[in-house]
$ cat protein_20.txt   # compact mmCIF, C-alpha atoms
# COMPACT_ATOMS: atom_id res chain seq x y z
CA MET C 178 62.20 -34.35 101.18
CA GLU C 179 65.33 -34.27 103.36
CA LEU C 180 67.49 -36.95 101.78
CA CYS C 181 69.80 -37.20 104.77
CA ASP C 182 66.99 -37.72 107.28
CA GLU C 183 67.28 -41.40 108.21
CA ARG C 184 63.55 -41.87 108.75
CA GLN C 185 62.64 -40.30 105.41
CA LEU C 186 65.48 -42.13 103.69
CA ARG C 187 64.33 -45.52 104.96
CA ALA C 188 60.74 -44.77 103.91
CA LEU C 189 61.89 -43.77 100.43
CA LEU C 190 63.97 -46.91 99.98
CA ALA C 191 61.15 -49.12 101.28
CA ARG C 192 58.69 -47.53 98.85
CA TYR C 193 60.91 -48.59 95.94
CA GLY C 194 61.83 -51.96 97.44
CA PHE C 195 65.51 -51.05 97.48
CA HIS C 196 68.07 -53.24 99.26
CA PHE C 197 71.67 -52.21 99.93
CA SER C 198 74.33 -54.05 97.94
CA LYS C 199 77.49 -54.83 99.87
CA SER C 200 79.30 -55.74 96.65
CA MET C 201 78.65 -52.24 95.29
CA GLY C 202 79.89 -50.60 98.47
CA GLN C 203 76.67 -48.65 99.04
CA ASN C 204 76.72 -46.37 102.10
CA PHE C 205 74.34 -43.39 101.98
CA LEU C 206 75.00 -40.20 103.92
CA ILE C 207 72.58 -39.38 106.76
CA ALA C 208 74.38 -36.33 108.19
CA PRO C 209 72.97 -33.26 106.36
CA GLU C 210 76.06 -31.09 106.80
CA ILE C 211 78.43 -33.61 105.17
CA PRO C 212 77.17 -33.52 101.53
CA ARG C 213 76.97 -29.74 101.79
CA LYS C 214 80.62 -29.59 102.91
CA ILE C 215 81.72 -32.05 100.23
CA ALA C 216 80.04 -29.98 97.52
CA ALA C 217 81.64 -26.79 98.86
CA SER C 218 85.04 -28.52 98.94
CA SER C 219 84.77 -29.26 95.22
CA GLN C 220 84.87 -25.49 94.55
CA ALA C 221 82.53 -26.09 91.60
CA ASP C 222 80.57 -23.06 90.40
CA GLY C 223 78.29 -22.12 87.56
CA SER C 224 81.10 -22.49 85.03
CA CYS C 225 81.59 -26.16 85.95
CA CYS C 226 79.99 -29.46 85.08
CA VAL C 227 80.47 -32.02 87.84
CA LEU C 228 80.97 -35.71 87.15
CA GLU C 229 79.53 -37.60 90.12
CA ILE C 230 80.18 -41.33 90.53
CA GLY C 231 77.67 -43.40 92.47
CA PRO C 232 75.05 -40.78 93.41
CA GLY C 233 73.00 -43.23 95.48
CA ILE C 234 69.70 -41.44 96.15
CA GLY C 235 71.15 -38.01 95.28
CA SER C 236 71.98 -36.51 98.69
CA LEU C 237 75.27 -35.06 97.38
CA THR C 238 73.87 -34.50 93.89
CA VAL C 239 71.31 -31.94 95.03
CA HIS C 240 73.98 -29.80 96.72
CA LEU C 241 76.17 -29.98 93.63
CA ALA C 242 73.19 -29.01 91.46
CA ARG C 243 72.61 -25.88 93.56
CA GLN C 244 76.25 -24.90 93.16
CA ALA C 245 77.39 -26.00 89.68
CA GLY C 246 76.22 -25.31 86.15
CA LYS C 247 75.43 -28.98 85.57
CA VAL C 248 75.84 -32.37 87.25
CA VAL C 249 76.25 -35.64 85.35
CA SER C 250 75.89 -38.61 87.72
CA VAL C 251 76.98 -42.11 86.70
CA GLU C 252 75.11 -44.88 88.53
CA LEU C 253 75.78 -48.60 88.12
CA ASP C 254 72.82 -49.88 90.19
CA LYS C 255 69.74 -49.78 87.95
CA SER C 256 67.43 -50.15 90.95
CA LEU C 257 68.43 -46.61 92.02
CA LEU C 258 67.43 -44.99 88.73
CA PRO C 259 63.71 -44.55 89.52
CA ILE C 260 64.60 -43.18 92.96
CA LEU C 261 66.97 -40.64 91.41
CA LYS C 262 64.30 -39.67 88.89
CA GLU C 263 62.11 -38.65 91.84
CA THR C 264 64.73 -37.03 94.08
CA LEU C 265 66.40 -35.05 91.28
CA ALA C 266 63.16 -33.95 89.59
CA PRO C 267 63.45 -30.39 91.03
CA TYR C 268 66.92 -29.99 89.50
CA PRO C 269 66.81 -29.67 85.70
CA ASN C 270 70.60 -29.22 85.54
CA THR C 271 71.16 -32.85 86.59
CA GLU C 272 71.48 -35.87 84.34
CA VAL C 273 71.85 -39.50 85.37
CA VAL C 274 73.82 -41.89 83.18
CA SER C 275 73.33 -45.60 83.75
CA GLY C 276 76.67 -47.38 83.49
CA ASP C 277 79.99 -48.49 84.93
CA ILE C 278 82.49 -45.65 85.37
CA MET C 279 85.35 -48.04 84.58
CA LYS C 280 83.84 -48.94 81.20
CA LEU C 281 82.34 -45.65 80.01
CA ASP C 282 84.08 -43.63 77.33
CA LEU C 283 84.89 -40.58 79.46
CA ASP C 284 86.13 -38.54 76.51
CA ALA C 285 82.77 -38.99 74.79
CA LEU C 286 80.88 -38.39 78.03
CA VAL C 287 82.59 -35.04 78.60
CA ARG C 288 82.28 -34.05 74.96
CA ASP C 289 78.61 -34.98 74.65
CA ARG C 290 77.16 -34.22 78.10
CA PHE C 291 79.20 -31.42 79.68
CA ASP C 292 77.95 -28.59 77.45
CA GLY C 293 81.37 -26.94 77.18
CA LEU C 294 81.58 -26.39 80.96
CA THR C 295 84.78 -26.99 82.95
CA PRO C 296 84.88 -30.68 83.97
CA VAL C 297 85.40 -31.49 87.66
CA VAL C 298 84.72 -34.61 89.72
CA CYS C 299 82.95 -34.82 93.07
CA ALA C 300 81.75 -38.12 94.53
CA ASN C 301 81.12 -40.34 97.51
CA LEU C 302 83.12 -43.19 95.98
CA PRO C 303 82.31 -46.83 96.68
CA TYR C 304 85.32 -48.00 98.71
CA ASN C 305 85.91 -51.11 96.61
CA ILE C 306 86.69 -49.12 93.43
CA THR C 307 88.55 -46.13 94.89
CA THR C 308 92.05 -46.88 93.59
CA PRO C 309 91.15 -47.92 90.01
CA VAL C 310 88.71 -45.01 89.63
CA LEU C 311 91.20 -42.40 90.86
CA THR C 312 93.91 -43.93 88.68
CA ARG C 313 91.70 -43.62 85.61
CA LEU C 314 90.49 -40.10 86.41
CA LEU C 315 94.02 -38.80 86.93
CA GLU C 316 95.54 -40.51 83.91
CA ILE C 317 92.86 -39.38 81.49
CA GLY C 318 93.61 -35.70 82.18
CA LEU C 319 90.11 -34.37 81.54
CA PHE C 320 89.25 -32.89 84.93
CA ARG C 321 90.36 -29.70 86.66
CA SER C 322 89.86 -31.16 90.12
CA ILE C 323 88.74 -34.33 91.87
CA THR C 324 87.00 -34.24 95.26
CA VAL C 325 86.11 -37.60 96.75
CA LEU C 326 84.92 -39.17 99.97
CA VAL C 327 87.03 -42.27 100.61
CA GLN C 328 88.32 -44.40 103.48
CA ARG C 329 90.47 -42.31 105.79
CA GLU C 330 93.45 -44.64 105.36
CA VAL C 331 93.28 -44.15 101.58
CA ALA C 332 93.07 -40.37 102.04
CA GLN C 333 96.10 -40.46 104.32
CA ARG C 334 97.99 -42.55 101.79
CA ILE C 335 97.17 -40.12 98.97
CA CYS C 336 98.40 -37.10 100.96
CA ALA C 337 101.34 -38.73 102.76
CA ARG C 338 104.85 -37.31 102.95
CA PRO C 339 108.19 -39.14 102.48
CA GLY C 340 109.34 -41.16 105.45
CA THR C 341 105.86 -41.73 106.90
CA GLY C 342 104.09 -45.06 107.24
CA ASP C 343 101.35 -44.11 104.78
CA TYR C 344 103.79 -43.08 102.03
CA GLY C 345 103.82 -45.42 99.06
CA ALA C 346 103.61 -45.91 95.31
CA PHE C 347 99.99 -44.71 95.13
CA THR C 348 100.97 -41.55 97.03
CA LEU C 349 103.56 -40.70 94.41
CA PHE C 350 101.21 -41.56 91.56
CA CYS C 351 98.54 -39.16 92.85
CA GLN C 352 101.01 -36.39 93.68
CA TYR C 353 102.58 -36.67 90.22
CA TYR C 354 99.25 -35.47 88.79
CA ALA C 355 97.70 -33.33 91.53
CA ASP C 356 98.09 -31.19 94.62
CA CYS C 357 96.29 -33.30 97.24
CA SER C 358 94.84 -32.35 100.63
CA ILE C 359 92.45 -33.83 103.20
CA VAL C 360 89.47 -31.53 103.72
CA LEU C 361 87.52 -33.23 106.52
CA GLU C 362 86.95 -36.55 108.25
CA VAL C 363 83.58 -38.29 108.34
CA PRO C 364 82.79 -40.81 111.14
CA PRO C 365 80.90 -44.06 110.46
CA GLU C 366 77.67 -42.86 112.10
CA CYS C 367 77.19 -40.38 109.24
CA PHE C 368 76.28 -43.27 106.91
CA LEU C 369 73.51 -45.80 106.43
CA PRO C 370 74.55 -48.55 106.76
CA ALA C 371 77.48 -47.47 108.94
CA PRO C 372 80.84 -48.69 107.60
CA LYS C 373 83.43 -50.12 109.96
CA VAL C 374 85.96 -47.39 109.16
CA THR C 375 86.23 -43.61 109.32
CA SER C 376 86.09 -41.79 105.99
CA ALA C 377 87.69 -38.59 104.74
CA VAL C 378 87.23 -36.10 101.93
CA VAL C 379 90.24 -35.53 99.67
CA HIS C 380 90.49 -32.60 97.28
CA MET C 381 92.89 -33.09 94.37
CA GLU C 382 93.68 -29.99 92.35
CA VAL C 383 94.97 -31.38 89.07
CA LEU C 384 98.22 -29.78 87.98
CA PRO C 385 98.45 -28.19 84.51
CA GLN C 386 101.69 -30.13 84.07
CA PRO C 387 102.95 -33.16 86.05
CA ALA C 388 104.73 -32.25 89.28
CA VAL C 389 108.06 -33.45 87.85
CA GLN C 390 109.42 -33.67 84.33
CA VAL C 391 110.91 -37.04 83.37
CA GLN C 392 112.26 -38.56 80.19
CA ASP C 393 110.12 -41.68 80.56
CA ARG C 394 106.95 -41.64 82.66
CA GLU C 395 106.58 -45.43 82.62
CA LEU C 396 110.14 -45.83 83.84
CA LEU C 397 109.46 -43.39 86.69
CA PHE C 398 106.57 -45.47 87.97
CA ARG C 399 108.45 -48.72 87.38
CA THR C 400 111.23 -47.34 89.57
CA ILE C 401 108.73 -46.27 92.23
CA ARG C 402 106.99 -49.64 92.26
CA ALA C 403 110.34 -51.40 92.58
CA SER C 404 111.14 -49.24 95.58
CA PHE C 405 108.00 -50.20 97.47
CA ALA C 406 107.84 -53.85 96.41
CA GLN C 407 110.25 -54.58 99.26
CA ARG C 408 109.28 -51.70 101.50
CA ARG C 409 111.47 -52.39 104.52
CA LYS C 410 114.55 -53.27 102.51
CA LYS C 411 117.16 -51.11 100.87
CA LEU C 412 116.15 -49.45 97.61
CA LEU C 413 119.10 -51.13 95.90
CA ASN C 414 117.57 -54.56 96.60
CA GLY C 415 114.26 -53.57 95.06
CA LEU C 416 115.94 -52.11 91.99
CA THR C 417 118.17 -55.15 91.58
CA SER C 418 115.11 -57.40 91.53
CA ALA C 419 113.11 -55.16 89.19
CA PHE C 420 115.88 -54.57 86.65
CA GLN C 421 117.37 -58.07 86.74
CA GLY C 422 118.84 -58.94 83.35
CA GLU C 423 118.87 -55.28 82.27
CA LEU C 424 121.21 -53.56 84.74
CA THR C 425 123.74 -55.06 87.12
CA ARG C 426 123.68 -54.47 90.86
CA GLU C 427 126.90 -52.48 90.50
CA GLU C 428 125.35 -50.23 87.84
CA LEU C 429 122.32 -49.64 90.02
CA SER C 430 124.51 -48.85 93.03
CA ASP C 431 126.46 -46.36 90.93
CA ALA C 432 123.20 -44.78 89.76
CA LEU C 433 122.19 -44.19 93.37
CA THR C 434 125.58 -42.61 94.08
CA ASP C 435 125.33 -40.45 90.95
CA CYS C 436 122.01 -39.09 92.24
CA GLY C 437 123.49 -38.30 95.64
CA PHE C 438 121.92 -41.19 97.54
CA ALA C 439 123.65 -43.54 99.96
CA ALA C 440 123.76 -47.20 98.97
CA SER C 441 121.70 -47.97 102.07
CA VAL C 442 118.86 -45.55 101.20
CA ARG C 443 115.29 -46.82 101.49
CA GLY C 444 112.77 -45.85 98.82
CA GLU C 445 110.19 -44.71 101.36
CA THR C 446 112.41 -41.72 102.19
CA LEU C 447 112.68 -40.39 98.63
CA SER C 448 110.53 -37.54 97.34
CA LEU C 449 108.87 -37.51 93.93
CA GLU C 450 111.57 -35.15 92.65
CA GLU C 451 114.29 -37.53 93.87
CA PHE C 452 112.57 -40.48 92.19
CA SER C 453 112.41 -38.49 88.97
CA ARG C 454 116.17 -37.87 89.15
CA LEU C 455 116.84 -41.54 89.74
CA SER C 456 114.57 -42.74 86.94
CA ASN C 457 116.20 -40.32 84.49
CA ARG C 458 119.61 -41.74 85.43
CA LEU C 459 118.35 -45.30 85.05
CA GLY C 460 116.97 -44.35 81.65
CA GLU C 461 120.41 -43.20 80.55
CA LEU C 462 121.94 -46.51 81.66
CA LEU C 463 119.25 -48.56 79.94
CA GLU C 464 119.85 -46.71 76.65
CA ARG C 465 123.53 -47.72 76.81
CA ALA C 466 122.84 -51.34 77.75
$ encode --input "protein_20.txt" --output "C-alpha cells"
Amino acid sequence: MELCDERQLRALLARYGFHFSKSMGQNFLIAPEIPRKIAASSQADGSCCVLEIGPGIGSLTVHLARQAGKVVSVELDKSLLPILKETLAPYPNTEVVSGDIMKLDLDALVRDRFDGLTPVVCANLPYNITTPVLTRLLEIGLFRSITVLVQREVAQRICARPGTGDYGAFTLFCQYYADCSIVLEVPPECFLPAPKVTSAVVHMEVLPQPAVQVQDRELLFRTIRASFAQRRKKLLNGLTSAFQGELTREELSDALTDCGFAASVRGETLSLEEFSRLSNRLGELLERA
C-alpha cells in the first residue's frame, strides 16, 4: 500500500471509520517524496532509535523504519492504533506507544524501549503542540537531534537571527540548546486535509553543551523574556518592569553600559552571547542587593 496515495489513503481511513480531528491537528502527508526527505533529514541510521510523535497512519514511520535501527511512535488518538497495526506490520523494528507525549515519562521510555540505541526525534508535529513539545524535548536533554515538520512561521522563528522580525524569546531558547536550520518547505497541498499555512522541516542538532555558559540559566531566560515582553520598546524599559523591586532603573542602565550596550538598545538586536553577558552582570547585582 502506498500510504501517501490520496485514493488509497481515503479508502484505508474509510475502512476503519476514521474521521480527522481538528483538535488534534491531524494533517496526513499525501506527497510521497516529503516523508522520504524528512526521514533523510533526520540523519538517523542503524545505530539510532527514533522517537516519532503523532505517526498518523505511518507514512513517515515506514521511511524511518527503513533507515533507523528502531522507531518508537507515540500516538494519542486511539482510533489510529488498529490502522498503524496494519500499515506497520511489515516493519518489525517499529513499536507504537499509546499516550500523550506531554505526559509520558520520557526517561523511562528511552530506557525501556530504545534498546541502547542513540535517541533522536523525527516527527510531523501537530501544530497546536509544537512549542510545548519542542520545549520539553530540548530541556530533557535525551536526544542527539530533533527533526520536525512544523508551520513555516514557527520554523523561521526557531532559526531567526538578531534584528529580524522573526527573532524572539523562543528563538533564543532553541538556539541555546541546538544548532537549528530549515531543511525544506512543504506547501499545503502536500497534506490531507490541506492546512491553511505552508509548513517547513527544521533540523535541530542538539549541542553537547549549551551554546553559552551562564551563572544562572533561569536568570538568562528571565532576562530574555523581559526583553521581548515589550518588543518595540527599549530593553531598559523591559528590564525595569521585570526586575521592579529588585534592581533600580539606574542599576539596570549601568548594567547595560557595563556590558557595552547603549541605554537605547532594543533587546531584539542582542545575540544569545550578548544576553548571556547581560544576565551574568544582572546576577552579580542581584547577589549584592
$ closest_residue --input "protein_20.txt" --among "C:Leu462, C:Ala285, C:Leu455, C:Val297" --to "Arg399 of chain C" --atoms "only C-alpha atoms"
C:Leu455
$ residues_around --input "protein_20.txt" --residues "Arg329 of chain C" --least-positions-apart "6" --cutoff "12 Å" --atoms "only C-alpha atoms" --output "list in words"
Tyr304, Thr307, Ile335, Cys336, Ala337, Asp343, Ile359, Val360, Leu361, Glu362, Val363, Pro364, Pro365, Pro372, Lys373, Val374, Thr375, Ser376, Ala377, Val378 and Val379 of chain C
$ residues_around --input "protein_20.txt" --residues "Val287 of chain C" --least-positions-apart "6" --cutoff "12 Å" --atoms "all atoms listed in the file" --output "short mmCIF file (atom, residue, chain, number, x, y, z; two decimals) with C-alpha atoms, keeping the file's coordinate frame"
data_model
loop_
_atom_site.label_atom_id
_atom_site.label_comp_id
_atom_site.auth_asym_id
_atom_site.auth_seq_id
_atom_site.Cartn_x
_atom_site.Cartn_y
_atom_site.Cartn_z
CA CYS C 225 81.59 -26.16 85.95
CA CYS C 226 79.99 -29.46 85.08
CA VAL C 227 80.47 -32.02 87.84
CA LEU C 228 80.97 -35.71 87.15
CA LYS C 247 75.43 -28.98 85.57
CA VAL C 248 75.84 -32.37 87.25
CA VAL C 249 76.25 -35.64 85.35
CA SER C 250 75.89 -38.61 87.72
CA LEU C 281 82.34 -45.65 80.01
CA GLY C 293 81.37 -26.94 77.18
CA LEU C 294 81.58 -26.39 80.96
CA THR C 295 84.78 -26.99 82.95
CA PRO C 296 84.88 -30.68 83.97
CA VAL C 297 85.40 -31.49 87.66
CA VAL C 298 84.72 -34.61 89.72
CA ILE C 317 92.86 -39.38 81.49
CA GLY C 318 93.61 -35.70 82.18
CA LEU C 319 90.11 -34.37 81.54
CA PHE C 320 89.25 -32.89 84.93
#
$ closest_residue --input "protein_20.txt" --among "C:Leu412, C:Leu459, C:Cys181, C:Leu349" --to "Gln392 of chain C" --atoms "all atoms listed in the file"
C:Leu459
$ closest_residue --input "protein_20.txt" --among "C:Ile211, C:Gly345, C:Ser275, C:Arg288" --to "Arg409 of chain C" --atoms "all atoms listed in the file"
C:Gly345
$ closest_residue --input "protein_20.txt" --among "C:Arg394, C:Arg338, C:Lys214, C:Arg443" --to "Lys411 of chain C" --atoms "all atoms listed in the file"
C:Arg443
$ atom_distance --input "protein_20.txt" --atom1 "atom CA of Val383 of chain C" --atom2 "atom CA of Phe452 of chain C"
20.1 Å
$ residues_around --input "protein_20.txt" --residues "Phe438 of chain C" --least-positions-apart "2" --cutoff "12 Å" --atoms "only C-alpha atoms" --output "MDAnalysis selection string"
chainID C and resid 411:413 429:436 440:444 446:448 451:452 454:455
$ atom_distance --input "protein_20.txt" --atom1 "atom CA of Leu258 of chain C" --atom2 "atom CA of Val325 of chain C"
21.6 Å
$ atom_distance --input "protein_20.txt" --atom1 "atom CA of Ala216 of chain C" --atom2 "atom CA of Gln244 of chain C"
7.7 Å
$ closest_residue --input "protein_20.txt" --among "C:Thr348, C:Leu424, C:Pro339, C:Asp292" --to "Thr308 of chain C" --atoms "all atoms listed in the file"
C:Thr348
$ residues_around --input "protein_20.txt" --residues "Arg243 of chain C" --least-positions-apart "3" --cutoff "12 Å" --atoms "all atoms listed in the file" --output "number ranges by chain"
C: 212-213, 216-217, 221-223, 225-227, 236-240, 246-248, 265, 267-271
$ closest_residue --input "protein_20.txt" --among "C:Gly231, C:Leu315, C:Ala188, C:Val331" --to "Leu283 of chain C" --atoms "all atoms listed in the file"
C:Leu315
$ residues_around --input "protein_20.txt" --residues "Glu183 of chain C" --least-positions-apart "2" --cutoff "12 Å" --atoms "only C-alpha atoms" --output "ChimeraX atom specification"
/C:178-181,185-190,205-209,236,366-371
